[in-house]
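File shown: model25.cif. Contents: mmCIF, C-alpha atoms.
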```cif
data_data
loop_
_atom_site.label_atom_id
_atom_site.label_comp_id
_atom_site.auth_asym_id
_atom_site.auth_seq_id
_atom_site.Cartn_x
_atom_site.Cartn_y
_atom_site.Cartn_z
CA MET X 7 23.50 -15.79 16.70
CA ASP X 8 23.84 -12.73 14.46
CA SER X 9 21.15 -12.46 11.83
CA ARG X 10 22.21 -13.28 8.30
CA LYS X 11 22.62 -10.32 5.97
CA ILE X 12 20.71 -10.19 2.70
CA LEU X 13 21.18 -7.55 0.02
CA ILE X 14 18.08 -6.87 -2.08
CA VAL X 15 18.89 -5.37 -5.48
CA ASP X 16 15.68 -4.30 -7.22
CA ASP X 17 14.68 -1.01 -8.81
CA ASN X 18 11.08 -1.36 -7.60
CA ALA X 19 10.78 0.26 -4.16
CA ASP X 20 7.56 -1.62 -3.37
CA ILE X 21 9.20 -4.96 -4.07
CA ARG X 22 12.16 -4.01 -1.88
CA LEU X 23 9.84 -3.05 1.00
CA GLY X 24 7.75 -6.19 0.67
CA MET X 25 10.82 -8.44 0.67
CA HIS X 26 12.29 -6.51 3.58
CA LEU X 27 9.14 -7.02 5.69
CA ARG X 28 9.03 -10.72 4.91
CA LEU X 29 12.76 -11.30 5.50
CA LYS X 30 12.83 -9.18 8.65
CA ALA X 31 9.96 -11.26 10.05
CA ASN X 32 12.20 -14.26 9.50
CA GLN X 33 15.11 -12.70 11.40
CA TYR X 34 17.18 -11.64 8.40
CA GLN X 35 18.94 -8.28 8.22
CA THR X 36 18.38 -6.52 4.91
CA PHE X 37 20.23 -3.96 2.83
CA PHE X 38 19.10 -2.40 -0.41
CA ALA X 39 20.23 -1.19 -3.80
CA ALA X 40 18.06 0.16 -6.61
CA ASP X 41 20.49 -0.04 -9.54
CA ALA X 42 23.32 -2.17 -10.86
CA ILE X 43 26.16 0.11 -9.79
CA SER X 44 24.98 0.58 -6.23
CA GLY X 45 24.22 -3.14 -6.09
CA VAL X 46 27.92 -3.92 -6.42
CA ALA X 47 28.86 -1.03 -4.10
CA GLU X 48 26.45 -2.17 -1.37
CA ALA X 49 27.73 -5.73 -1.68
CA GLN X 50 31.28 -4.48 -1.11
CA LYS X 51 30.15 -2.35 1.80
CA HIS X 52 28.03 -4.90 3.67
CA GLN X 53 29.52 -8.24 2.55
CA PRO X 54 26.07 -9.92 2.64
CA ASP X 55 25.51 -13.62 3.16
CA LEU X 56 23.15 -13.69 0.17
CA ILE X 57 21.99 -11.39 -2.63
CA ILE X 58 18.48 -11.28 -4.07
CA LEU X 59 18.96 -9.83 -7.53
CA ASP X 60 16.54 -8.46 -10.10
CA LEU X 61 17.64 -8.61 -13.73
CA GLY X 62 16.14 -5.41 -15.11
CA LEU X 63 18.07 -2.64 -13.40
CA PRO X 64 19.10 0.91 -14.24
CA GLY X 65 22.82 1.41 -14.83
CA GLY X 66 23.34 -2.07 -16.25
CA ASP X 67 21.40 -5.22 -15.44
CA GLY X 68 21.53 -8.20 -13.12
CA PHE X 69 23.97 -9.97 -15.39
CA SER X 70 26.42 -7.08 -15.23
CA VAL X 71 26.10 -7.14 -11.42
CA MET X 72 26.96 -10.84 -11.34
CA GLU X 73 29.85 -10.27 -13.74
CA SER X 74 31.24 -7.51 -11.50
CA LEU X 75 30.80 -9.57 -8.32
CA ASN X 76 32.57 -12.54 -9.90
CA LYS X 77 35.65 -10.36 -10.48
CA ILE X 78 35.93 -9.51 -6.77
CA PRO X 79 37.25 -12.54 -4.86
CA ALA X 80 35.64 -11.51 -1.56
CA LEU X 81 32.22 -11.29 -3.22
CA ALA X 82 32.43 -14.00 -5.87
CA THR X 83 31.19 -16.76 -3.58
CA ILE X 84 28.12 -14.95 -2.23
CA PRO X 85 25.06 -16.99 -3.25
CA ILE X 86 22.77 -15.09 -5.61
CA VAL X 87 19.05 -15.71 -6.00
CA VAL X 88 17.69 -14.08 -9.14
CA VAL X 89 14.10 -12.85 -8.81
CA SER X 90 12.94 -11.38 -12.08
CA ALA X 91 9.81 -10.56 -14.03
CA ARG X 92 11.63 -11.46 -17.24
CA ASP X 93 10.72 -14.63 -19.08
CA VAL X 94 12.30 -17.84 -17.85
CA MET X 95 13.34 -18.99 -21.28
CA GLY X 96 16.60 -17.38 -22.23
CA ASN X 97 17.21 -15.70 -18.88
CA GLN X 98 17.28 -18.63 -16.49
CA LYS X 99 20.06 -20.52 -18.28
CA ARG X 100 22.07 -17.34 -18.64
CA ALA X 101 21.61 -16.52 -14.96
CA PHE X 102 22.84 -19.96 -13.91
CA GLU X 103 25.82 -19.64 -16.22
CA ALA X 104 26.61 -16.29 -14.60
CA GLY X 105 26.66 -17.96 -11.19
CA ALA X 106 23.11 -17.60 -9.84
CA ARG X 107 22.07 -20.30 -7.38
CA ALA X 108 18.37 -20.03 -8.17
CA PHE X 109 16.02 -18.31 -10.60
CA LEU X 110 12.53 -17.34 -9.51
CA GLN X 111 10.05 -15.58 -11.75
CA LYS X 112 7.90 -12.82 -10.27
CA PRO X 113 5.43 -12.88 -8.73
CA VAL X 114 7.23 -15.05 -6.20
CA ASN X 115 5.44 -17.05 -3.54
CA ASP X 116 6.79 -16.04 -0.11
CA ASP X 117 7.23 -19.61 1.05
CA GLU X 118 9.12 -20.42 -2.13
CA LEU X 119 11.42 -17.42 -1.73
CA LEU X 120 12.14 -18.21 1.91
CA ALA X 121 12.79 -21.87 1.10
CA VAL X 122 15.27 -20.93 -1.62
CA VAL X 123 16.96 -18.34 0.63
CA ARG X 124 17.31 -20.85 3.47
CA GLN X 125 18.62 -23.49 1.14
CA ALA X 126 21.17 -21.13 -0.40
CA LEU X 127 22.31 -20.17 3.10
CA GLY X 128 22.54 -23.78 4.18
CA GLU X 129 19.83 -23.37 6.79
CA PRO X 130 17.20 -25.99 7.70
CA ALA X 131 13.75 -25.56 6.20
CA ALA X 132 11.18 -23.72 8.32
CA THR X 133 8.12 -25.53 9.55
CA LYS X 134 5.83 -22.50 9.30
CA LYS X 135 5.82 -18.83 8.47
CA PRO X 136 6.11 -16.46 11.43
CA THR X 137 3.01 -14.52 12.34
CA LEU X 138 2.38 -11.35 14.29
CA HIS X 139 2.28 -13.42 17.49
CA ASP X 140 5.69 -14.94 16.74
CA GLN X 141 7.13 -11.46 16.23
CA ALA X 142 5.65 -10.26 19.51
CA SER X 143 7.24 -13.11 21.40
CA VAL X 144 10.77 -12.34 20.12
CA MET W 20 13.66 2.04 -25.76
CA THR W 21 10.78 4.33 -24.79
CA GLU W 22 7.14 3.37 -24.57
CA THR W 23 6.38 5.24 -27.80
CA THR W 24 9.17 3.63 -29.86
CA ARG W 25 8.72 0.06 -28.63
CA ARG W 26 8.06 -2.31 -31.50
CA PRO W 27 4.73 -4.16 -31.52
CA SER W 28 6.55 -7.52 -31.47
CA GLU W 29 8.08 -6.61 -28.11
CA LEU W 30 4.82 -5.64 -26.47
CA PRO W 31 3.85 -9.05 -25.03
CA ALA W 32 7.21 -9.49 -23.26
CA HIS W 33 7.15 -5.91 -22.00
CA LEU W 34 3.53 -6.22 -20.90
CA SER W 35 4.25 -9.50 -19.14
CA HIS W 36 7.23 -7.95 -17.34
CA GLU W 37 5.25 -4.94 -16.14
CA LEU W 38 2.21 -6.99 -15.12
CA ARG W 39 4.38 -9.48 -13.24
CA ASN W 40 6.07 -6.71 -11.27
CA ALA W 41 2.73 -5.14 -10.36
CA LEU W 42 1.24 -8.50 -9.47
CA ALA W 43 4.29 -9.35 -7.37
CA CYS W 44 3.62 -6.25 -5.25
CA ILE W 45 -0.08 -7.04 -4.86
CA GLN W 46 0.56 -10.62 -3.77
CA GLN W 47 3.57 -9.72 -1.62
CA PHE W 48 1.70 -7.12 0.44
CA GLY W 49 -1.49 -9.19 0.44
CA ASN W 50 0.44 -12.05 2.05
CA ILE W 51 2.00 -9.65 4.54
CA LEU W 52 -1.52 -8.63 5.63
CA VAL W 53 -2.80 -12.23 5.62
CA ASP W 54 0.08 -13.34 7.83
CA GLY W 55 -0.57 -10.52 10.27
CA LEU W 56 2.85 -8.92 9.81
CA ALA W 57 1.18 -5.49 9.69
CA GLY W 58 -1.21 -6.12 12.56
CA GLU W 59 -4.40 -7.99 13.30
CA MET W 60 -7.39 -7.89 10.95
CA SER W 61 -11.04 -8.54 11.63
CA SER W 62 -12.59 -11.70 10.18
CA GLU W 63 -14.48 -9.55 7.70
CA GLN W 64 -11.28 -7.84 6.57
CA ARG W 65 -9.57 -11.22 6.18
CA GLU W 66 -12.48 -12.50 4.10
CA TYR W 67 -12.33 -9.54 1.73
CA LEU W 68 -8.57 -9.75 1.48
CA GLY W 69 -8.93 -13.43 0.67
CA ILE W 70 -11.20 -12.52 -2.25
CA MET W 71 -8.59 -10.03 -3.49
CA MET W 72 -5.82 -12.63 -3.25
CA GLU W 73 -7.87 -15.27 -5.05
CA ASN W 74 -8.43 -12.87 -7.91
CA ALA W 75 -4.77 -11.90 -7.98
CA SER W 76 -3.96 -15.60 -8.36
CA LYS W 77 -6.48 -15.78 -11.19
CA ILE W 78 -4.75 -12.91 -12.98
CA ARG W 79 -1.45 -14.69 -12.56
CA ARG W 80 -2.80 -17.88 -14.13
CA LEU W 81 -4.16 -15.85 -17.03
CA LEU W 82 -0.80 -14.15 -17.39
CA ASP W 83 1.02 -17.46 -17.42
CA SER W 84 -1.23 -18.86 -20.10
CA ALA W 85 -1.84 -15.83 -22.29
CA LEU W 86 1.33 -13.81 -22.36
CA ASP W 87 4.24 -16.10 -21.72
CA GLY W 88 4.12 -18.34 -24.75
CA ASN W 89 2.25 -21.17 -23.09
CA VAL W 90 -0.52 -21.09 -25.64
CA GLY W 91 0.12 -22.65 -29.03
CA PRO W 92 -0.50 -20.98 -32.36
CA LEU W 93 -3.93 -22.56 -32.66
CA GLY W 94 -4.87 -21.65 -29.12
CA LYS W 95 -3.95 -25.06 -27.72
CA SER W 96 -2.15 -25.00 -24.43
CA THR W 97 1.44 -26.13 -24.50
CA ASN W 98 3.44 -27.26 -21.52
CA LYS W 99 3.60 -24.58 -18.89
CA ILE W 100 7.05 -23.24 -18.29
CA GLU W 101 7.79 -24.04 -14.68
CA ARG W 102 9.76 -21.70 -12.53
CA ILE W 103 12.84 -23.69 -11.83
CA SER W 104 15.26 -23.41 -9.00
CA LYS W 105 18.75 -24.73 -9.55
CA LEU W 106 19.02 -25.59 -5.89
CA GLU W 107 18.37 -29.18 -5.03
CA SER W 108 16.71 -30.35 -1.86
#
```
The structure given in the file should be rewritten as structure tokens.
Amino acid sequence: MDSRKILIVDDNADIRLGMHLRLKANQYQTFFAADAISGVAEAQKHQPDLIILDLGLPGGDGFSVMESLNKIPALATIPIVVVSARDVMGNQKRAFEAGARAFLQKPVNDDELLAVVRQALGEPAATKKPTLHDQASV
Amino acid sequence: MTETTRRPSELPAHLSHELRNALACIQQFGNILVDGLAGEMSSEQREYLGIMMENASKIRRLLDSALDGNVGPLGKSTNKIERISKLES
């Protein structure tokens, strides 16, 4: 089965790399964007199965990304998981209203992120995190 | 708004945001090392990394209680704001 495609939109390069390593270890294919405008452009280009979206972005913000995606029929149904360092109060409700499927506040527990990603993709929950040995056996 | 023109009233939210991003990186890469995704570690290295991760968790708890409005005006703890996922199991 082809690996599911996940677009990570976050202006922090370290966060993008960390998420990439974790998602790759769980057989997901990742793409990246570091600002709001390229976030929409990369979504159009790769048609991901899911988008992990930060709220504080250059060139707009996560809300403007969701607003733009909602206007494009081919992208409007992509599940979005918001992962932000912003406060929950005030941002979570707004994110859900904009169409986000989940809101996680940084720092995010890896198990929690993977569980939310799997759930948003309609995949069964994992029994354990892959380790180096699991990777070697692939 | 630049660092120099930021109003004092906005500092806690800004500080929380920046600390959370930095802490997210520390915990993210710490877990990558713990899980062996970057290679094997000796037992001594794992022990020391464990100490680092425990202290990162401590910083996070302090952040939750001190900077994100979970402490009342008289210093009494109020209900912690839980991170909520809209997705249902």
*Test item: chain X residues at most 7 Å from chain W, counting all atoms listed in the file, as a ChimeraX atom specification*: /X:20-21,24,91-92,107-114,137-138
Next, dump the selected residues to file, keeping only C-alpha atoms, as a compact mmCIF listing (two decimals), in the coordinates of the input.
```
# COMPACT_ATOMS: atom_id res chain seq x y z
CA ASP X 20 7.56 -1.62 -3.37
CA ILE X 21 9.20 -4.96 -4.07
CA GLY X 24 7.75 -6.19 0.67
CA ALA X 91 9.81 -10.56 -14.03
CA ARG X 92 11.63 -11.46 -17.24
CA ARG X 107 22.07 -20.30 -7.38
CA ALA X 108 18.37 -20.03 -8.17
CA PHE X 109 16.02 -18.31 -10.60
CA LEU X 110 12.53 -17.34 -9.51
CA GLN X 111 10.05 -15.58 -11.75
CA LYS X 112 7.90 -12.82 -10.27
CA PRO X 113 5.43 -12.88 -8.73
CA VAL X 114 7.23 -15.05 -6.20
CA THR X 137 3.01 -14.52 12.34
CA LEU X 138 2.38 -11.35 14.29
```
Give as a tab-separated table (two decimals) with C-alpha atoms, in the frame of the given file the residues that the PyMOL selection byres ((chain X and resi 77-90) around 10) matches when applied to the coordinates above.
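Saved result, selection11.tsv, follows:
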```
chain	number	residue	atom	x	y	z
X	12	ILE	CA	20.71	-10.19	2.70
X	13	LEU	CA	21.18	-7.55	0.02
X	14	ILE	CA	18.08	-6.87	-2.08
X	15	VAL	CA	18.89	-5.37	-5.48
X	16	ASP	CA	15.68	-4.30	-7.22
X	46	VAL	CA	27.92	-3.92	-6.42
X	49	ALA	CA	27.73	-5.73	-1.68
X	50	GLN	CA	31.28	-4.48	-1.11
X	53	GLN	CA	29.52	-8.24	2.55
X	54	PRO	CA	26.07	-9.92	2.64
X	55	ASP	CA	25.51	-13.62	3.16
X	56	LEU	CA	23.15	-13.69	0.17
X	57	ILE	CA	21.99	-11.39	-2.63
X	58	ILE	CA	18.48	-11.28	-4.07
X	59	LEU	CA	18.96	-9.83	-7.53
X	60	ASP	CA	16.54	-8.46	-10.10
X	61	LEU	CA	17.64	-8.61	-13.73
X	62	GLY	CA	16.14	-5.41	-15.11
X	68	GLY	CA	21.53	-8.20	-13.12
X	69	PHE	CA	23.97	-9.97	-15.39
X	72	MET	CA	26.96	-10.84	-11.34
X	73	GLU	CA	29.85	-10.27	-13.74
X	74	SER	CA	31.24	-7.51	-11.50
X	75	LEU	CA	30.80	-9.57	-8.32
X	76	ASN	CA	32.57	-12.54	-9.90
X	91	ALA	CA	9.81	-10.56	-14.03
X	92	ARG	CA	11.63	-11.46	-17.24
X	93	ASP	CA	10.72	-14.63	-19.08
X	94	VAL	CA	12.30	-17.84	-17.85
X	97	ASN	CA	17.21	-15.70	-18.88
X	98	GLN	CA	17.28	-18.63	-16.49
X	101	ALA	CA	21.61	-16.52	-14.96
X	102	PHE	CA	22.84	-19.96	-13.91
X	104	ALA	CA	26.61	-16.29	-14.60
X	105	GLY	CA	26.66	-17.96	-11.19
X	106	ALA	CA	23.11	-17.60	-9.84
X	107	ARG	CA	22.07	-20.30	-7.38
X	108	ALA	CA	18.37	-20.03	-8.17
X	109	PHE	CA	16.02	-18.31	-10.60
X	110	LEU	CA	12.53	-17.34	-9.51
X	111	GLN	CA	10.05	-15.58	-11.75
X	112	LYS	CA	7.90	-12.82	-10.27
X	113	PRO	CA	5.43	-12.88	-8.73
X	114	VAL	CA	7.23	-15.05	-6.20
X	119	LEU	CA	11.42	-17.42	-1.73
X	122	VAL	CA	15.27	-20.93	-1.62
X	123	VAL	CA	16.96	-18.34	0.63
X	126	ALA	CA	21.17	-21.13	-0.40
X	127	LEU	CA	22.31	-20.17	3.10
W	36	HIS	CA	7.23	-7.95	-17.34
W	39	ARG	CA	4.38	-9.48	-13.24
W	40	ASN	CA	6.07	-6.71	-11.27
W	104	SER	CA	15.26	-23.41	-9.00
W	105	LYS	CA	18.75	-24.73	-9.55
W	106	LEU	CA	19.02	-25.59	-5.89
```
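Picture a line from CA of Ala39 in chain X to CA of Ser9 in chain X; it runs 19.3 Å.
CA of Asn18 in chain X is found 16.0 Å from CA of Leu34 in chain W.
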_Å distance separating CA of Glu48 in chain X from CA of Pro130 in chain X, one decimal place_ =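 Straight-line distance from CA of Glu48 in chain X to CA of Pro130 in chain X works out to 27.1 Å.
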*Leaving out Leu120 in chain X and any residue of its chain fewer than 6 positions from it, which residues lie within 9 Å of it when counting only C-alpha atoms, given as a PyMOL selection string?*
chain X and resi 28-29+32+131-132
Would you compute an axis-aligned box for range 49-55 of chain W, covering every atom listed for it in the file with 6 Å of margin on each side, and report centre and edge lengths in Å to one decimal as lines of an AutoDock Vina configuration file?
```
center_x = -0.4
center_y = -11.0
center_z = 5.4
size_x = 16.8
size_y = 16.7
size_z = 21.8
```
